[in-house]
file structure24.tsv (TSV, C-alpha atoms)
chain	number	residue	atom	x	y	z
A	46	SER	CA	-147.53	-152.41	266.00
A	47	PHE	CA	-149.89	-155.36	265.69
A	48	GLY	CA	-153.16	-154.34	267.33
A	49	LEU	CA	-152.63	-150.55	267.15
A	50	THR	CA	-155.92	-148.69	267.63
A	51	VAL	CA	-157.05	-145.38	266.18
A	52	ASP	CA	-159.67	-143.17	267.80
A	53	ALA	CA	-162.05	-142.53	264.91
A	54	VAL	CA	-163.74	-139.66	266.74
A	55	THR	CA	-160.72	-137.47	267.48
A	56	ALA	CA	-158.33	-138.43	264.67
A	57	PRO	CA	-158.79	-139.44	261.05
A	58	PRO	CA	-158.53	-143.24	261.06
A	59	ALA	CA	-155.41	-144.58	259.39
A	60	GLY	CA	-157.18	-147.74	258.24
A	61	ILE	CA	-156.86	-151.40	259.05
A	62	CYS	CA	-153.81	-151.93	256.81
A	63	ALA	CA	-151.81	-149.43	258.88
A	64	ALA	CA	-153.31	-150.52	262.17
A	65	ALA	CA	-152.76	-154.27	261.81
A	66	LEU	CA	-150.17	-155.09	259.18
A	67	ILE	CA	-147.21	-152.74	259.70
A	68	GLY	CA	-144.19	-154.94	260.44
A	69	HIS	CA	-145.69	-157.96	258.70
A	70	ASP	CA	-144.69	-159.02	255.19
A	71	TYR	CA	-148.10	-158.61	253.56
A	72	LYS	CA	-149.25	-156.20	250.89
A	73	CYS	CA	-152.43	-154.49	252.00
A	74	GLN	CA	-154.60	-152.05	250.05
A	75	GLU	CA	-157.32	-149.69	251.31
A	76	PHE	CA	-160.49	-149.02	249.31
A	77	GLU	CA	-163.65	-147.00	249.86
A	78	VAL	CA	-167.00	-148.35	248.70
A	79	THR	CA	-170.13	-146.18	248.75
A	80	THR	CA	-173.50	-147.88	249.26
A	81	ASP	CA	-176.56	-146.83	247.29
A	82	ASP	CA	-177.91	-145.13	250.45
A	83	GLY	CA	-174.75	-143.03	250.91
A	84	TYR	CA	-172.59	-144.84	253.50
A	85	ILE	CA	-168.85	-144.84	252.73
A	86	LEU	CA	-167.45	-148.23	253.73
A	87	SER	CA	-163.85	-149.21	254.30
A	88	VAL	CA	-162.66	-152.34	252.45
A	89	GLN	CA	-159.19	-153.90	252.62
A	90	ARG	CA	-157.44	-156.21	250.18
A	91	ILE	CA	-154.53	-158.54	250.94
A	92	PRO	CA	-153.72	-159.70	247.40
A	93	GLU	CA	-150.93	-162.12	248.26
A	94	GLY	CA	-149.29	-163.97	251.13
A	95	ARG	CA	-145.78	-163.73	252.52
A	96	VAL	CA	-144.41	-166.12	249.92
A	97	GLY	CA	-145.42	-166.96	246.37
A	98	GLY	CA	-145.71	-163.44	244.95
A	99	ALA	CA	-148.41	-162.14	242.66
A	100	VAL	CA	-150.44	-164.71	240.73
A	101	LYS	CA	-153.12	-163.77	238.23
A	102	ASN	CA	-156.72	-164.89	238.72
A	103	LYS	CA	-156.40	-165.93	242.36
A	104	GLN	CA	-159.68	-166.97	243.93
A	105	PRO	CA	-161.16	-163.93	245.75
A	106	VAL	CA	-162.59	-164.42	249.24
A	107	LEU	CA	-164.63	-161.80	251.13
A	108	LEU	CA	-164.58	-161.82	254.95
A	109	GLN	CA	-167.63	-160.29	256.66
A	110	HIS	CA	-167.48	-159.70	260.43
A	111	GLY	CA	-170.33	-159.89	262.94
A	112	VAL	CA	-172.09	-157.41	265.21
A	113	LEU	CA	-170.12	-155.14	267.59
A	114	VAL	CA	-166.78	-155.86	265.86
A	115	ASP	CA	-165.14	-154.81	262.57
A	116	GLY	CA	-162.75	-156.20	259.96
A	117	MET	CA	-159.88	-156.08	262.47
A	118	THR	CA	-161.41	-159.20	264.00
A	119	TRP	CA	-159.80	-161.27	261.19
A	120	LEU	CA	-156.31	-159.90	262.01
A	121	LEU	CA	-156.04	-159.79	265.80
A	122	ASN	CA	-154.04	-163.00	266.27
A	123	SER	CA	-150.65	-163.97	264.91
A	124	PRO	CA	-150.44	-164.60	261.11
A	125	SER	CA	-150.74	-168.35	261.67
A	126	GLN	CA	-153.94	-167.82	263.70
A	127	SER	CA	-155.64	-164.97	261.78
A	128	LEU	CA	-158.00	-166.20	259.08
A	129	ALA	CA	-157.30	-163.34	256.66
A	130	LEU	CA	-153.56	-164.06	256.72
A	131	ILE	CA	-153.97	-167.85	256.66
A	132	LEU	CA	-156.05	-167.45	253.49
A	133	ALA	CA	-153.55	-165.01	251.93
A	134	ASP	CA	-150.70	-167.42	252.66
A	135	SER	CA	-152.81	-170.23	251.14
A	136	GLY	CA	-153.05	-168.43	247.80
A	137	PHE	CA	-156.36	-166.55	248.10
A	138	ASP	CA	-157.03	-162.93	247.12
A	139	VAL	CA	-158.41	-161.71	250.47
A	140	TRP	CA	-160.94	-158.88	250.86
A	141	ILE	CA	-162.20	-157.58	254.23
A	142	ALA	CA	-165.52	-155.74	254.64
A	143	ASN	CA	-166.35	-153.23	257.40
A	144	THR	CA	-170.01	-152.57	258.19
A	145	ARG	CA	-171.45	-149.04	258.49
A	146	GLY	CA	-170.92	-147.45	261.91
A	147	THR	CA	-167.70	-149.30	262.74
A	148	ARG	CA	-164.46	-147.39	263.32
A	149	PHE	CA	-163.34	-147.13	259.68
A	150	SER	CA	-166.83	-146.89	258.15
A	151	ARG	CA	-168.22	-143.87	260.02
A	152	ARG	CA	-168.75	-141.69	256.95
A	153	HIS	CA	-171.71	-140.82	254.75
A	154	LEU	CA	-172.24	-138.58	251.74
A	155	THR	CA	-174.55	-136.23	253.69
A	156	LEU	CA	-174.89	-137.47	257.30
A	157	ASP	CA	-172.54	-137.22	260.28
A	158	PRO	CA	-172.38	-139.92	262.99
A	159	SER	CA	-173.53	-137.28	265.50
A	160	ASN	CA	-176.83	-137.14	263.58
A	161	PRO	CA	-179.33	-139.82	264.77
A	162	ASP	CA	-180.36	-140.37	261.13
A	163	PHE	CA	-176.90	-141.85	260.50
A	164	TRP	CA	-177.91	-144.71	262.85
A	165	ASN	CA	-181.41	-145.32	261.47
A	166	TRP	CA	-180.79	-148.85	260.18
A	167	THR	CA	-180.81	-152.54	261.14
A	168	TRP	CA	-179.19	-155.68	259.76
A	169	ASP	CA	-181.87	-155.73	257.08
A	170	ASP	CA	-180.31	-152.55	255.64
A	171	LEU	CA	-176.97	-154.38	255.57
A	172	VAL	CA	-178.71	-157.04	253.46
A	173	SER	CA	-180.11	-154.39	251.10
A	174	HIS	CA	-177.12	-152.03	250.88
A	175	ASP	CA	-173.78	-152.94	252.54
A	176	LEU	CA	-173.54	-156.58	251.45
A	177	PRO	CA	-174.42	-155.92	247.77
A	178	ALA	CA	-171.98	-152.98	247.67
A	179	ALA	CA	-169.09	-155.08	249.01
A	180	ILE	CA	-169.80	-158.17	246.91
A	181	ASP	CA	-170.36	-156.13	243.74
A	182	PHE	CA	-167.12	-154.20	244.31
A	183	VAL	CA	-164.99	-157.34	244.73
A	184	PHE	CA	-166.74	-159.01	241.80
A	185	LYS	CA	-166.02	-156.05	239.51
A	186	GLN	CA	-162.42	-155.65	240.72
A	187	THR	CA	-161.57	-159.33	240.20
A	188	GLY	CA	-163.98	-160.43	237.48
A	189	GLN	CA	-164.61	-163.63	239.42
A	190	LYS	CA	-167.30	-165.16	241.59
A	191	ILE	CA	-166.23	-164.88	245.22
A	192	ASP	CA	-165.96	-167.26	248.15
A	193	TYR	CA	-167.78	-165.63	251.08
A	194	VAL	CA	-166.88	-166.12	254.75
A	195	GLY	CA	-169.28	-164.68	257.29
A	196	HIS	CA	-169.17	-164.72	261.07
A	197	SER	CA	-172.26	-164.41	263.28
A	198	MET	CA	-174.30	-161.44	261.92
A	199	GLY	CA	-172.20	-161.79	258.77
A	200	THR	CA	-173.91	-165.17	258.28
A	201	LEU	CA	-177.37	-163.75	259.05
A	202	ILE	CA	-177.14	-161.07	256.34
A	203	ALA	CA	-175.84	-163.64	253.82
A	204	LEU	CA	-178.66	-166.10	254.57
A	205	ALA	CA	-181.26	-163.33	254.34
A	206	SER	CA	-179.78	-162.16	251.03
A	207	PHE	CA	-179.53	-165.64	249.51
A	208	SER	CA	-183.08	-166.48	250.64
A	209	GLU	CA	-184.31	-163.61	248.46
A	210	GLY	CA	-182.20	-164.80	245.54
A	211	LYS	CA	-179.81	-161.86	245.80
A	212	GLN	CA	-176.02	-161.99	245.19
A	213	ILE	CA	-176.09	-165.67	244.25
A	214	ASP	CA	-174.89	-164.88	240.71
A	215	LYS	CA	-171.67	-163.41	242.16
A	216	VAL	CA	-170.97	-165.89	244.99
A	217	LYS	CA	-169.26	-169.24	244.41
A	218	SER	CA	-169.51	-170.57	247.97
A	219	ALA	CA	-170.36	-169.41	251.49
A	220	ALA	CA	-168.64	-170.56	254.68
A	221	LEU	CA	-170.69	-169.58	257.72
A	222	LEU	CA	-168.88	-169.38	261.09
A	223	SER	CA	-171.06	-169.34	264.24
A	224	PRO	CA	-174.04	-169.15	261.90
A	225	ILE	CA	-177.18	-167.43	263.15
A	226	ALA	CA	-180.64	-166.97	261.75
A	227	TYR	CA	-183.15	-168.01	264.40
A	228	LEU	CA	-181.88	-166.69	267.74
A	229	SER	CA	-184.42	-168.31	270.05
A	230	HIS	CA	-181.98	-171.06	271.14
A	231	MET	CA	-179.68	-168.64	272.97
A	232	THR	CA	-179.03	-169.83	276.52
A	233	THR	CA	-176.54	-167.36	278.05
A	234	ALA	CA	-178.25	-165.50	280.89
A	235	LEU	CA	-177.10	-161.97	280.05
A	236	GLY	CA	-177.89	-162.43	276.37
A	237	VAL	CA	-181.43	-163.58	277.15
A	238	VAL	CA	-182.11	-160.78	279.64
A	239	ALA	CA	-180.64	-158.13	277.31
A	240	ALA	CA	-182.79	-159.42	274.44
A	241	GLN	CA	-185.92	-159.30	276.60
A	242	VAL	CA	-185.21	-155.69	277.56
A	243	PHE	CA	-184.46	-154.61	273.99
A	244	ALA	CA	-187.44	-156.43	272.51
A	245	GLY	CA	-189.71	-154.88	275.11
A	246	GLU	CA	-188.29	-151.60	273.90
A	247	ILE	CA	-188.35	-150.23	277.42
A	248	THR	CA	-184.62	-149.69	277.28
A	249	SER	CA	-183.11	-146.48	278.59
A	250	LEU	CA	-181.19	-146.44	275.30
A	251	LEU	CA	-184.13	-145.73	273.02
A	252	GLY	CA	-183.12	-142.09	272.87
A	253	VAL	CA	-179.58	-143.15	271.91
A	254	ALA	CA	-179.19	-143.84	268.19
A	255	GLU	CA	-175.61	-145.18	268.35
A	256	PHE	CA	-175.08	-148.32	270.43
A	257	ASN	CA	-171.47	-147.75	271.48
A	258	PRO	CA	-170.37	-150.51	273.91
A	259	LYS	CA	-167.62	-148.23	275.23
A	260	GLY	CA	-169.97	-145.30	275.85
A	261	GLU	CA	-171.59	-144.22	279.11
A	262	PRO	CA	-175.25	-144.92	278.17
A	263	VAL	CA	-174.44	-148.55	277.29
A	264	ALA	CA	-172.30	-148.94	280.42
A	265	ASN	CA	-175.24	-147.72	282.52
A	266	PHE	CA	-177.58	-150.05	280.65
A	267	LEU	CA	-175.30	-153.04	281.39
A	268	LYS	CA	-175.02	-152.02	285.05
A	269	THR	CA	-178.80	-152.05	285.29
A	270	LEU	CA	-178.99	-155.50	283.69
A	271	CYS	CA	-176.20	-156.86	285.87
A	272	ALA	CA	-178.03	-155.77	289.03
A	273	ASP	CA	-180.36	-158.72	288.32
A	274	PRO	CA	-179.64	-161.26	291.10
A	275	GLY	CA	-179.67	-164.11	288.57
A	276	LEU	CA	-176.76	-162.68	286.59
A	277	ASP	CA	-173.04	-162.89	287.22
A	278	CYS	CA	-171.37	-160.19	285.12
A	279	TYR	CA	-167.92	-160.59	286.67
A	280	ASP	CA	-166.82	-162.16	283.39
A	281	LEU	CA	-168.76	-159.90	281.02
A	282	LEU	CA	-167.57	-161.60	277.83
A	283	GLY	CA	-168.38	-165.06	279.19
A	284	SER	CA	-171.78	-163.99	280.47
A	285	LEU	CA	-172.70	-162.91	276.93
A	286	THR	CA	-171.13	-165.74	274.93
A	287	GLY	CA	-170.96	-168.65	277.35
A	288	LYS	CA	-167.68	-170.30	278.32
A	289	ASN	CA	-164.88	-169.65	275.82
A	290	CYS	CA	-162.44	-172.44	275.05
A	291	CYS	CA	-159.72	-170.43	273.45
A	292	LEU	CA	-159.32	-167.06	275.17
A	293	ASN	CA	-156.54	-166.09	277.53
A	294	VAL	CA	-155.73	-162.80	279.25
A	295	SER	CA	-153.48	-161.49	276.46
A	296	THR	CA	-156.04	-162.35	273.74
A	297	VAL	CA	-158.82	-160.62	275.66
A	298	ASP	CA	-156.62	-157.53	276.25
A	299	LEU	CA	-155.82	-157.30	272.54
A	300	PHE	CA	-159.48	-157.79	271.66
A	301	LEU	CA	-160.60	-155.04	274.04
A	302	LYS	CA	-158.05	-152.59	272.60
A	303	ASN	CA	-159.69	-152.93	269.19
A	304	GLU	CA	-163.24	-154.04	269.88
A	305	PRO	CA	-166.12	-153.84	270.59
A	306	GLN	CA	-167.31	-151.48	267.87
A	307	SER	CA	-170.50	-149.46	267.53
A	308	THR	CA	-173.71	-150.56	265.86
A	309	SER	CA	-177.11	-148.91	265.81
A	310	THR	CA	-179.47	-149.29	268.77
A	311	LYS	CA	-182.18	-150.08	266.22
A	312	ASN	CA	-180.07	-153.02	264.99
A	313	MET	CA	-179.81	-154.39	268.55
A	314	VAL	CA	-183.59	-154.08	268.91
A	315	HIS	CA	-184.06	-155.96	265.61
A	316	LEU	CA	-181.77	-158.79	266.76
A	317	ALA	CA	-183.71	-158.91	270.04
A	318	GLN	CA	-186.99	-159.18	268.12
A	319	THR	CA	-185.50	-162.22	266.37
A	320	VAL	CA	-184.74	-163.79	269.77
A	321	ARG	CA	-188.23	-162.99	271.05
A	322	ASP	CA	-190.24	-164.07	268.01
A	323	GLY	CA	-188.18	-167.06	266.84
A	324	VAL	CA	-188.69	-166.05	263.20
A	325	LEU	CA	-186.52	-164.29	260.68
A	326	ALA	CA	-188.36	-161.14	259.66
A	327	LYS	CA	-187.83	-157.51	258.79
A	328	TYR	CA	-187.75	-154.95	261.60
A	329	ASP	CA	-191.10	-154.69	263.40
A	330	TYR	CA	-191.99	-151.06	264.11
A	331	GLY	CA	-194.44	-152.31	266.76
A	332	ASN	CA	-197.33	-150.52	265.10
A	333	ALA	CA	-199.37	-151.82	262.15
A	334	ASN	CA	-199.58	-148.36	260.57
A	335	PHE	CA	-195.81	-147.84	260.73
A	336	ASN	CA	-195.22	-151.29	259.25
A	337	VAL	CA	-197.64	-150.55	256.38
A	338	GLU	CA	-195.84	-147.24	255.81
A	339	HIS	CA	-192.47	-149.03	255.48
A	340	TYR	CA	-193.41	-152.36	253.91
A	341	GLY	CA	-196.90	-152.01	252.45
A	342	GLU	CA	-198.30	-154.59	254.90
A	343	ALA	CA	-199.06	-154.78	258.61
call {"tool": "encode", "arguments": {"input": "structure24.tsv", "output": "structure tokens"}}
result
Amino acid sequence: SFGLTVDAVTAPPAGICAAALIGHDYKCQEFEVTTDDGYILSVQRIPEGRVGGAVKNKQPVLLQHGVLVDGMTWLLNSPSQSLALILADSGFDVWIANTRGTRFSRRHLTLDPSNPDFWNWTWDDLVSHDLPAAIDFVFKQTGQKIDYVGHSMGTLIALASFSEGKQIDKVKSAALLSPIAYLSHMTTALGVVAAQVFAGEITSLLGVAEFNPKGEPVANFLKTLCADPGLDCYDLLGSLTGKNCCLNVSTVDLFLKNEPQSTSTKNMVHLAQTVRDGVLAKYDYGNANFNVEHYGEA
């Protein structure tokens, strides 16, 4: 049942352990971690590999996914090609984080995902709330400084956190895969056009709090973008990421069964502002008064 999906809207999610690791010889534990602003996040632990058994004081490693995916991204390939399982088999104590809004982290102490307030956040809130919650939880559970592995937006939130001197007392090392901070070097046509539209904040999605890539509003948004004569959206994945060396039909099918996952529209706007402005900054409300209200400066 490798790659089994669960519809988080219509059924209670079984969790990544059940979805990805049934039939494989790995122990997998599910945890819930609540952020200081009330989001209930799903965290998985793979404490040991297929051989070797339990060993005390294994080095903990935390895997943090990027935007529009979730922790399943570390488990979609075979055990010899999935980083979480490679690390477990190599003697690490593996922990997997899942950002707010993704399939297994769609809960809050007081808010429901159908409420727009549930989606009122950007990656800067992940820096302030989700990342500290996950790192602190693993640190307290293991009593050890962690090795951190981030991918894409998972590198952005780590860099932003470290730059403010946060979490560095609990992190031993950081491995950054497809690292991003300044996004102004992006060259893929669809990515650039999408960023321009978001940053201009003229998007038809502004009334939509949840950016769900599988939902109708986002599909309509992409259709509008792809009507641009300069864009070829026949290969949608390629038009966003550029040519991919390592994908084949079966990998893409498996990916699309599990991903992409939701994020907030506000987060997409914030990432687009980073593309537009070429600087790493907090979310710009586009109005000096609003910025002063949130940050104390224009």
call {"tool": "residues_near_point", "arguments": {"input": "structure24.tsv", "point": "(-157.8, -167.3, 240.3)", "cutoff": "10 Å", "atoms": "only C-alpha atoms", "output": "ChimeraX atom specification"}}
result
/A:100-105,136-138,187-190
call {"tool": "closest_atom_pairs", "arguments": {"input": "structure24.tsv", "of": "range 96-128 of chain A", "to": "range 65-76 of chain A", "cutoff": "12 Å", "atoms": "all atoms listed in the file", "output": "tab-separated table"}}
result
residue	atom	partner	partner_atom	distance
A:Val96	CA	A:Asp70	CA	8.8
A:Gly97	CA	A:Tyr71	CA	11.3
A:Gly98	CA	A:Lys72	CA	10.0
A:Ala99	CA	A:Lys72	CA	10.2
A:Gly116	CA	A:Ala65	CA	10.3
A:Met117	CA	A:Ala65	CA	7.4
A:Thr118	CA	A:Ala65	CA	10.2
A:Trp119	CA	A:Ala65	CA	9.9
A:Leu120	CA	A:Ala65	CA	6.7
A:Leu121	CA	A:Ala65	CA	7.6
A:Asn122	CA	A:Ala65	CA	9.9
A:Ser123	CA	A:His69	CA	10.0
A:Pro124	CA	A:His69	CA	8.5
A:Ser125	CA	A:His69	CA	11.9
A:Ser127	CA	A:Ala65	CA	11.1
call {"tool": "write_last_selection", "arguments": {"input": "structure24.tsv", "atoms": "C-alpha atoms", "output": "short mmCIF file (atom, residue, chain, number, x, y, z; two decimals), in the frame of the given file"}}
result
data_model
loop_
_atom_site.label_atom_id
_atom_site.label_comp_id
_atom_site.auth_asym_id
_atom_site.auth_seq_id
_atom_site.Cartn_x
_atom_site.Cartn_y
_atom_site.Cartn_z
CA VAL A 96 -144.41 -166.12 249.92
CA GLY A 97 -145.42 -166.96 246.37
CA GLY A 98 -145.71 -163.44 244.95
CA ALA A 99 -148.41 -162.14 242.66
CA GLY A 116 -162.75 -156.20 259.96
CA MET A 117 -159.88 -156.08 262.47
CA THR A 118 -161.41 -159.20 264.00
CA TRP A 119 -159.80 -161.27 261.19
CA LEU A 120 -156.31 -159.90 262.01
CA LEU A 121 -156.04 -159.79 265.80
CA ASN A 122 -154.04 -163.00 266.27
CA SER A 123 -150.65 -163.97 264.91
CA PRO A 124 -150.44 -164.60 261.11
CA SER A 125 -150.74 -168.35 261.67
CA SER A 127 -155.64 -164.97 261.78
#
call {"tool": "atom_distance", "arguments": {"input": "structure24.tsv", "atom1": "CA of Phe256 in chain A", "atom2": "CA of Ala326 in chain A"}}
result
21.4 Å
call {"tool": "closest_residue", "arguments": {"input": "structure24.tsv", "among": "A:Ser206, A:Asn265, A:Ser229, A:Thr310", "to": "Asp169 in chain A", "atoms": "only C-alpha atoms"}}
result
A:Ser206
call {"tool": "atom_distance", "arguments": {"input": "structure24.tsv", "atom1": "CA of Leu130 in chain A", "atom2": "CA of Glu93 in chain A"}}
result
9.1 Å
call {"tool": "atom_distance", "arguments": {"input": "structure24.tsv", "atom1": "CA of Arg95 in chain A", "atom2": "CA of Leu107 in chain A"}}
result
19.0 Å
call {"tool": "closest_residue", "arguments": {"input": "structure24.tsv", "among": "A:Leu86, A:Ala220, A:Met313, A:Val114", "to": "Pro177 in chain A", "atoms": "only C-alpha atoms"}}
result
A:Leu86
call {"tool": "closest_residue", "arguments": {"input": "structure24.tsv", "among": "A:Phe163, A:Tyr84, A:Trp168, A:Phe335", "to": "Ala205 in chain A", "atoms": "all atoms listed in the file"}}
result
A:Trp168
call {"tool": "closest_residue", "arguments": {"input": "structure24.tsv", "among": "A:Gln89, A:Thr232, A:Asn336, A:Asn165", "to": "Val320 in chain A", "atoms": "only C-alpha atoms"}}
result
A:Thr232
call {"tool": "residues_around", "arguments": {"input": "structure24.tsv", "residues": "Asp81 in chain A", "least_positions_apart": "6", "cutoff": "9 Å", "atoms": "only C-alpha atoms", "output": "list in words"}}
result
His174, Asp175 and Ala178 of chain A
call {"tool": "closest_residue", "arguments": {"input": "structure24.tsv", "among": "A:Asn334, A:Asn289, A:Gln126, A:Thr308", "to": "Ser150 in chain A", "atoms": "all atoms listed in the file"}}
result
A:Thr308
